[in-house]
Each structure stands twice: as structure tokens, then as C-alpha cells.
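Containing PDB, C-alpha atoms, pLDDT in the B column: model_1.pdb.
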```pdb
ATOM      1  CA  MET A   1     102.841  89.316  85.560  1.00 83.00           C
ATOM      2  CA  ILE A   2     103.613  93.038  85.396  1.00 89.00           C
ATOM      3  CA  LEU A   3     105.576  92.456  82.193  1.00 89.00           C
ATOM      4  CA  ASP A   4     102.496  90.717  80.753  1.00 93.00           C
ATOM      5  CA  ILE A   5     100.411  93.795  81.538  1.00 94.00           C
ATOM      6  CA  LEU A   6     103.021  96.042  79.919  1.00 93.00           C
ATOM      7  CA  ASP A   7     102.931  93.814  76.825  1.00 93.00           C
ATOM      8  CA  LYS A   8      99.143  94.131  76.735  1.00 95.00           C
ATOM      9  CA  LEU A   9      99.433  97.906  77.061  1.00 95.00           C
ATOM     10  CA  GLU A  10     101.888  97.960  74.173  1.00 94.00           C
ATOM     11  CA  ASP A  11      99.538  95.847  72.057  1.00 94.00           C
ATOM     12  CA  ALA A  12      96.607  98.093  72.942  1.00 95.00           C
ATOM     13  CA  SER A  13      98.571 101.240  72.089  1.00 94.00           C
ATOM     14  CA  SER A  14      98.773 100.124  68.459  1.00 93.00           C
ATOM     15  CA  SER A  15      95.026 100.673  68.063  1.00 94.00           C
ATOM     16  CA  MET A  16      93.911 102.997  70.867  1.00 96.00           C
ATOM     17  CA  PRO A  17      95.306 105.726  73.104  1.00 97.00           C
ATOM     18  CA  ILE A  18      96.663 105.006  76.578  1.00 98.00           C
ATOM     19  CA  VAL A  19      95.442 107.941  78.686  1.00 98.00           C
ATOM     20  CA  VAL A  20      97.716 109.024  81.545  1.00 97.00           C
ATOM     21  CA  GLU A  21      97.563 112.024  83.852  1.00 96.00           C
ATOM     22  CA  GLY A  22     100.606 114.108  82.955  1.00 94.00           C
ATOM     23  CA  LEU A  23     103.788 114.492  80.949  1.00 94.00           C
ATOM     24  CA  LYS A  24     105.901 112.651  83.540  1.00 95.00           C
ATOM     25  CA  ASP A  25     103.577 109.678  83.108  1.00 96.00           C
ATOM     26  CA  VAL A  26     104.043 109.836  79.325  1.00 96.00           C
ATOM     27  CA  GLU A  27     107.808 109.794  79.885  1.00 96.00           C
ATOM     28  CA  ALA A  28     107.486 106.826  82.265  1.00 97.00           C
ATOM     29  CA  MET A  29     105.549 104.899  79.628  1.00 96.00           C
ATOM     30  CA  ARG A  30     108.281 105.655  77.079  1.00 96.00           C
ATOM     31  CA  LYS A  31     110.899 104.303  79.488  1.00 95.00           C
ATOM     32  CA  LEU A  32     108.843 101.113  79.665  1.00 94.00           C
ATOM     33  CA  GLY A  33     108.806 100.808  75.877  1.00 92.00           C
ATOM     34  CA  LEU A  34     105.392 102.299  75.065  1.00 93.00           C
ATOM     35  CA  LYS A  35     106.295 104.915  72.512  1.00 87.00           C
ATOM     36  CA  ASP A  36     103.080 105.195  70.508  1.00 88.00           C
ATOM     37  CA  ASN A  37      99.685 106.541  71.369  1.00 94.00           C
ATOM     38  CA  VAL A  38     100.305 107.532  75.008  1.00 96.00           C
ATOM     39  CA  VAL A  39      98.207 110.631  75.649  1.00 95.00           C
ATOM     40  CA  SER A  40      98.387 112.978  78.609  1.00 95.00           C
ATOM     41  CA  LEU A  41      95.223 114.474  80.018  1.00 92.00           C
ATOM     42  CA  GLY A  42      97.400 117.403  80.993  1.00 75.00           C
ATOM     43  CA  LYS A  43      96.065 120.817  81.761  1.00 77.00           C
ATOM     44  CA  GLY A  44      93.819 123.180  79.887  1.00 83.00           C
ATOM     45  CA  LEU A  45      90.885 120.924  79.023  1.00 88.00           C
ATOM     46  CA  THR A  46      88.159 119.640  81.270  1.00 93.00           C
ATOM     47  CA  VAL A  47      87.823 115.872  81.476  1.00 95.00           C
ATOM     48  CA  PHE A  48      84.667 116.029  79.362  1.00 95.00           C
ATOM     49  CA  ALA A  49      86.252 118.300  76.718  1.00 95.00           C
ATOM     50  CA  PHE A  50      89.296 115.992  76.559  1.00 96.00           C
ATOM     51  CA  SER A  51      87.001 112.969  76.140  1.00 96.00           C
ATOM     52  CA  GLU A  52      84.948 114.723  73.491  1.00 95.00           C
ATOM     53  CA  LYS A  53      88.092 115.631  71.525  1.00 94.00           C
ATOM     54  CA  LEU A  54      89.457 112.078  71.801  1.00 95.00           C
ATOM     55  CA  SER A  55      86.112 110.600  70.690  1.00 95.00           C
ATOM     56  CA  LYS A  56      86.481 112.273  67.290  1.00 96.00           C
ATOM     57  CA  ARG A  57      89.509 110.091  66.527  1.00 95.00           C
ATOM     58  CA  HIS A  58      89.075 106.935  68.636  1.00 97.00           C
ATOM     59  CA  ALA A  59      86.289 104.517  69.560  1.00 97.00           C
ATOM     60  CA  SER A  60      88.150 103.118  72.572  1.00 97.00           C
ATOM     61  CA  ALA A  61      90.885 104.071  75.037  1.00 98.00           C
ATOM     62  CA  VAL A  62      92.820 102.613  77.962  1.00 98.00           C
ATOM     63  CA  ILE A  63      92.633 104.630  81.175  1.00 98.00           C
ATOM     64  CA  LEU A  64      95.895 104.439  83.102  1.00 98.00           C
ATOM     65  CA  THR A  65      95.720 107.000  85.894  1.00 97.00           C
ATOM     66  CA  ASP A  66      97.631 106.807  89.172  1.00 96.00           C
ATOM     67  CA  TRP A  67      96.223 104.652  91.958  1.00 94.00           C
ATOM     68  CA  ASP A  68      96.066 107.312  94.619  1.00 94.00           C
ATOM     69  CA  ARG A  69      92.694 108.826  95.566  1.00 94.00           C
ATOM     70  CA  LYS A  70      92.969 111.571  92.922  1.00 94.00           C
ATOM     71  CA  GLY A  71      93.852 109.037  90.212  1.00 95.00           C
ATOM     72  CA  GLY A  72      90.923 106.809  91.133  1.00 96.00           C
ATOM     73  CA  LYS A  73      88.522 109.723  90.980  1.00 97.00           C
ATOM     74  CA  LEU A  74      89.995 110.823  87.658  1.00 96.00           C
ATOM     75  CA  ALA A  75      89.674 107.285  86.244  1.00 97.00           C
ATOM     76  CA  ARG A  76      85.964 107.223  87.142  1.00 97.00           C
ATOM     77  CA  MET A  77      85.425 110.692  85.647  1.00 97.00           C
ATOM     78  CA  LEU A  78      87.225 109.702  82.439  1.00 97.00           C
ATOM     79  CA  LYS A  79      85.256 106.464  82.148  1.00 97.00           C
ATOM     80  CA  ASP A  80      81.963 108.348  82.547  1.00 97.00           C
ATOM     81  CA  ALA A  81      82.995 111.085  80.105  1.00 97.00           C
ATOM     82  CA  PHE A  82      84.223 108.546  77.540  1.00 97.00           C
ATOM     83  CA  GLY A  83      80.968 106.631  77.873  1.00 97.00           C
ATOM     84  CA  ALA A  84      78.959 109.813  77.309  1.00 97.00           C
ATOM     85  CA  ASN A  85      80.978 110.393  74.131  1.00 96.00           C
ATOM     86  CA  GLY A  86      80.644 106.835  72.825  1.00 97.00           C
ATOM     87  CA  VAL A  87      84.212 105.784  73.644  1.00 97.00           C
ATOM     88  CA  LYS A  88      84.738 102.339  75.185  1.00 97.00           C
ATOM     89  CA  ALA A  89      87.007 102.822  78.204  1.00 97.00           C
ATOM     90  CA  ASP A  90      89.286  99.994  79.315  1.00 97.00           C
ATOM     91  CA  THR A  91      90.191 100.151  83.010  1.00 96.00           C
ATOM     92  CA  ASP A  92      91.098  96.472  83.420  1.00 96.00           C
ATOM     93  CA  LEU A  93      94.839  96.898  82.868  1.00 96.00           C
ATOM     94  CA  ARG A  94      94.937  99.742  85.397  1.00 96.00           C
ATOM     95  CA  ALA A  95      93.078  97.575  87.920  1.00 96.00           C
ATOM     96  CA  LYS A  96      95.568  94.739  87.452  1.00 95.00           C
ATOM     97  CA  LEU A  97      98.540  97.078  87.916  1.00 94.00           C
ATOM     98  CA  VAL A  98      96.941  98.477  91.070  1.00 94.00           C
ATOM     99  CA  LEU A  99      96.493  94.999  92.537  1.00 94.00           C
ATOM    100  CA  LEU A 100     100.075  94.003  91.760  1.00 93.00           C
ATOM    101  CA  THR A 101     101.837  97.173  92.898  1.00 93.00           C
ATOM    102  CA  LYS A 102      99.709  99.095  95.402  1.00 86.00           C
ATOM    103  CA  LYS A 103     101.785  98.013  98.381  1.00 90.00           C
ATOM    104  CA  ASP A 104     104.952  99.346  96.758  1.00 94.00           C
ATOM    105  CA  ILE A 105     104.076 102.279  94.472  1.00 95.00           C
ATOM    106  CA  LYS A 106     101.111 104.530  93.862  1.00 94.00           C
ATOM    107  CA  ASP A 107     101.697 106.137  90.486  1.00 95.00           C
ATOM    108  CA  ILE A 108     102.674 105.609  86.862  1.00 96.00           C
ATOM    109  CA  GLU A 109     105.760 107.778  87.279  1.00 96.00           C
ATOM    110  CA  SER A 110     107.268 105.211  89.696  1.00 96.00           C
ATOM    111  CA  LEU A 111     106.575 102.218  87.475  1.00 96.00           C
ATOM    112  CA  PRO A 112     109.834 102.154  85.434  1.00 96.00           C
ATOM    113  CA  ARG A 113     111.984 102.132  88.578  1.00 96.00           C
ATOM    114  CA  TYR A 114     109.740  99.477  90.134  1.00 95.00           C
ATOM    115  CA  VAL A 115     110.004  97.217  87.070  1.00 94.00           C
ATOM    116  CA  GLU A 116     113.774  97.698  87.044  1.00 93.00           C
ATOM    117  CA  ARG A 117     113.963  96.647  90.718  1.00 92.00           C
ATOM    118  CA  LEU A 118     111.895  93.540  89.995  1.00 89.00           C
ATOM    119  CA  ARG A 119     114.168  92.649  87.098  1.00 86.00           C
ATOM    120  CA  ASP A 120     117.248  93.113  89.293  1.00 88.00           C
ATOM    121  CA  MET A 121     115.759  90.911  92.005  1.00 86.00           C
ATOM    122  CA  ALA A 122     114.860  88.212  89.482  1.00 82.00           C
ATOM    123  CA  GLY A 123     118.386  88.262  88.088  1.00 79.00           C
ATOM    124  CA  ALA A 124     119.998  88.101  91.519  1.00 54.00           C
ATOM    125  CA  PRO A 125     121.566  84.742  92.505  1.00 51.00           C
TER     126      PRO A 125
END
```
Could you write out this structure as C-alpha cells?
Amino acid sequence: MILDILDKLEDASSSMPIVVEGLKDVEAMRKLGLKDNVVSLGKGLTVFAFSEKLSKRHASAVILTDWDRKGGKLARMLKDAFGANGVKADTDLRAKLVLLTKKDIKDIESLPRYVERLRDMAGAP
């Protein structure tokens, strides 16, 4: 199921940005095979300014923030800011990842190691 979500993220990244919180999250996505169109909110721009800048190049985006309290708040702020700038925000894939992993991990940065553990367990006799 998680691999299905990662496949959907990869498909989505061919036509829209995947928005993550920081550079470590971008690196985690690369480790998972998402090399294109992963964008870090980073520092320096407000959420609204970031959304406004992104809206000049894209009509839609996937929000993939961490699932801690800060990440949830940031996801809501991004969704509102994208909406105000005419960008369709997809939060469904984030919600599915949260449901599948929230007992074990709480952030994007931990996802590659988590997926690796699942693969090891599946391959175990």
C-alpha cells in the first residue's frame, strides 16, 4: 500500500510539484525514487509568498508535510494559500501516508528507512 502511494507520488511529480518542508525531506524523496519536481518550502519566504510564486508556474501541487502538529498546521496553511492563489492542492496522498504510518513514524525524513524495513520484513522467511 505504501509503495502504491509512492508510485502515485512519482506519477504526480511528472506534472506538478510535491511540496515538502525542508531539504532533508527533498533528500528523503530522492532516496525513495522521486527525483523530479520535489520542492522544499524551506526558509526565507512566507507560506503565502511561496504559494504565490508557485502559482505562476503550476495550477496544482501535492502537499506532503510531516504528520506532527507543526506539519499538519503547515499543510492547512499551504492548502489555504494555494487556494487563494488558484492552485489546486492535493492532500489525499499525505492523508493516506499518515494513516498507514502514524504509529511508526511522524515525518517524511523517516520514510525511506521505514520503507526499507517493510521491504526487509516482507522478504524475510
Could you check the closest approach to A:Met29 for each of A:Asn85, A:Thr91, A:Thr65, A:Ser15 and tell me which residue wins, using only C-alpha atoms?
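Looking only at the distances to A:Met29, the closest residue turns out to be A:Thr65.
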The PyMOL selection byres ((chain A and resi 23) around 9) - which residues does that actually catch in the file I just gave you? List them as a PyMOL selection string.
chain A and resi 20-22+24-28+39-42
Applied to this file, what does the PyMOL selection byres ((chain A and resi 104-110) around 12) return in terms of residues, put as JSON, numbers by chain?
{"A": [6, 18, 19, 20, 21, 22, 23, 24, 25, 26, 27, 28, 29, 30, 31, 32, 40, 63, 64, 65, 66, 67, 68, 69, 70, 71, 72, 94, 97, 98, 99, 100, 101, 102, 103, 111, 112, 113, 114, 115, 116, 117, 118]}
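Reported to one decimal place, the separation of atom CA of A:Lys53 from atom CA of A:Arg76 is 17.9 Å.
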Point-to-point distance from atom CA of A:Lys8 to atom CA of A:Phe48, Å rounded to tenths
26.4 Å
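Picture a line from atom CA of A:Ala89 to atom CA of A:Lys35; it runs 20.2 Å.
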Nearest to A:Ile5 by atom-to-atom distance, counting all atoms listed in the file, from A:Ala59, A:Ala84, A:Leu34, A:Leu54:
A:Leu34
In terms of the shortest atom-to-atom distance over all atoms listed in the file, which of A:Val47, A:Arg119, A:Pro17, A:Val38 is closest to A:Leu74?
A:Val47
What would the file be for stretch 3-66 of chain A if you keep C-alpha atoms and write it as a PDB file, in the first residue's frame?
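That gives us out.pdb:
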```pdb
ATOM      1  CA  LEU A   3       4.543   1.527  -2.389  1.00  0.00           C
ATOM      2  CA  ASP A   4       1.307   2.314  -4.257  1.00  0.00           C
ATOM      3  CA  ILE A   5       1.261   5.774  -2.687  1.00  0.00           C
ATOM      4  CA  LEU A   6       4.909   6.311  -3.631  1.00  0.00           C
ATOM      5  CA  ASP A   7       4.068   5.294  -7.210  1.00  0.00           C
ATOM      6  CA  LYS A   8       1.218   7.810  -7.230  1.00  0.00           C
ATOM      7  CA  LEU A   9       3.555  10.497  -5.902  1.00  0.00           C
ATOM      8  CA  GLU A  10       6.030   9.693  -8.659  1.00  0.00           C
ATOM      9  CA  ASP A  11       3.278   9.901 -11.275  1.00  0.00           C
ATOM     10  CA  ALA A  12       2.060  13.197  -9.835  1.00  0.00           C
ATOM     11  CA  SER A  13       5.578  14.652  -9.803  1.00  0.00           C
ATOM     12  CA  SER A  14       5.694  14.438 -13.598  1.00  0.00           C
ATOM     13  CA  SER A  15       3.059  17.176 -13.852  1.00  0.00           C
ATOM     14  CA  MET A  16       3.034  19.044 -10.533  1.00  0.00           C
ATOM     15  CA  PRO A  17       5.351  19.856  -7.639  1.00  0.00           C
ATOM     16  CA  ILE A  18       5.464  17.752  -4.478  1.00  0.00           C
ATOM     17  CA  VAL A  19       5.816  20.306  -1.668  1.00  0.00           C
ATOM     18  CA  VAL A  20       7.798  19.186   1.388  1.00  0.00           C
ATOM     19  CA  GLU A  21       9.013  21.112   4.414  1.00  0.00           C
ATOM     20  CA  GLY A  22      12.797  21.111   4.124  1.00  0.00           C
ATOM     21  CA  LEU A  23      15.903  19.944   2.310  1.00  0.00           C
ATOM     22  CA  LYS A  24      16.127  16.710   4.322  1.00  0.00           C
ATOM     23  CA  ASP A  25      12.629  15.877   3.098  1.00  0.00           C
ATOM     24  CA  VAL A  26      13.711  16.528  -0.502  1.00  0.00           C
ATOM     25  CA  GLU A  27      16.624  14.138   0.045  1.00  0.00           C
ATOM     26  CA  ALA A  28      14.281  11.521   1.540  1.00  0.00           C
ATOM     27  CA  MET A  29      12.052  11.739  -1.526  1.00  0.00           C
ATOM     28  CA  ARG A  30      15.096  11.243  -3.765  1.00  0.00           C
ATOM     29  CA  LYS A  31      16.037   8.126  -1.794  1.00  0.00           C
ATOM     30  CA  LEU A  32      12.531   6.837  -2.488  1.00  0.00           C
ATOM     31  CA  GLY A  33      12.945   7.428  -6.220  1.00  0.00           C
ATOM     32  CA  LEU A  34      11.183  10.786  -6.619  1.00  0.00           C
ATOM     33  CA  LYS A  35      13.821  12.822  -8.373  1.00  0.00           C
ATOM     34  CA  ASP A  36      11.722  15.376 -10.245  1.00  0.00           C
ATOM     35  CA  ASN A  37       9.621  18.255  -9.071  1.00  0.00           C
ATOM     36  CA  VAL A  38      10.092  17.880  -5.297  1.00  0.00           C
ATOM     37  CA  VAL A  39      10.072  21.395  -3.859  1.00  0.00           C
ATOM     38  CA  SER A  40      11.075  22.478  -0.377  1.00  0.00           C
ATOM     39  CA  LEU A  41       9.156  25.219   1.366  1.00  0.00           C
ATOM     40  CA  GLY A  42      12.422  25.989   3.101  1.00  0.00           C
ATOM     41  CA  LYS A  43      13.175  29.267   4.749  1.00  0.00           C
ATOM     42  CA  GLY A  44      13.024  32.834   3.566  1.00  0.00           C
ATOM     43  CA  LEU A  45       9.516  33.011   2.114  1.00  0.00           C
ATOM     44  CA  THR A  46       6.223  33.158   3.922  1.00  0.00           C
ATOM     45  CA  VAL A  47       3.766  30.391   3.109  1.00  0.00           C
ATOM     46  CA  PHE A  48       1.663  32.838   1.099  1.00  0.00           C
ATOM     47  CA  ALA A  49       4.666  34.220  -0.832  1.00  0.00           C
ATOM     48  CA  PHE A  50       5.821  30.655  -1.589  1.00  0.00           C
ATOM     49  CA  SER A  51       2.316  29.763  -2.814  1.00  0.00           C
ATOM     50  CA  GLU A  52       2.100  32.907  -4.906  1.00  0.00           C
ATOM     51  CA  LYS A  53       5.468  32.162  -6.541  1.00  0.00           C
ATOM     52  CA  LEU A  54       4.489  28.535  -7.221  1.00  0.00           C
ATOM     53  CA  SER A  55       1.136  29.614  -8.704  1.00  0.00           C
ATOM     54  CA  LYS A  56       2.944  31.416 -11.529  1.00  0.00           C
ATOM     55  CA  ARG A  57       4.256  28.085 -12.834  1.00  0.00           C
ATOM     56  CA  HIS A  58       1.759  25.447 -11.651  1.00  0.00           C
ATOM     57  CA  ALA A  59      -2.014  25.032 -11.421  1.00  0.00           C
ATOM     58  CA  SER A  60      -1.809  22.199  -8.885  1.00  0.00           C
ATOM     59  CA  ALA A  61       0.534  20.789  -6.242  1.00  0.00           C
ATOM     60  CA  VAL A  62       0.780  17.886  -3.805  1.00  0.00           C
ATOM     61  CA  ILE A  63       1.258  18.877  -0.170  1.00  0.00           C
ATOM     62  CA  LEU A  64       3.458  16.381   1.651  1.00  0.00           C
ATOM     63  CA  THR A  65       4.326  17.877   5.026  1.00  0.00           C
ATOM     64  CA  ASP A  66       5.218  15.894   8.142  1.00  0.00           C
TER      65      ASP A  66
END
```
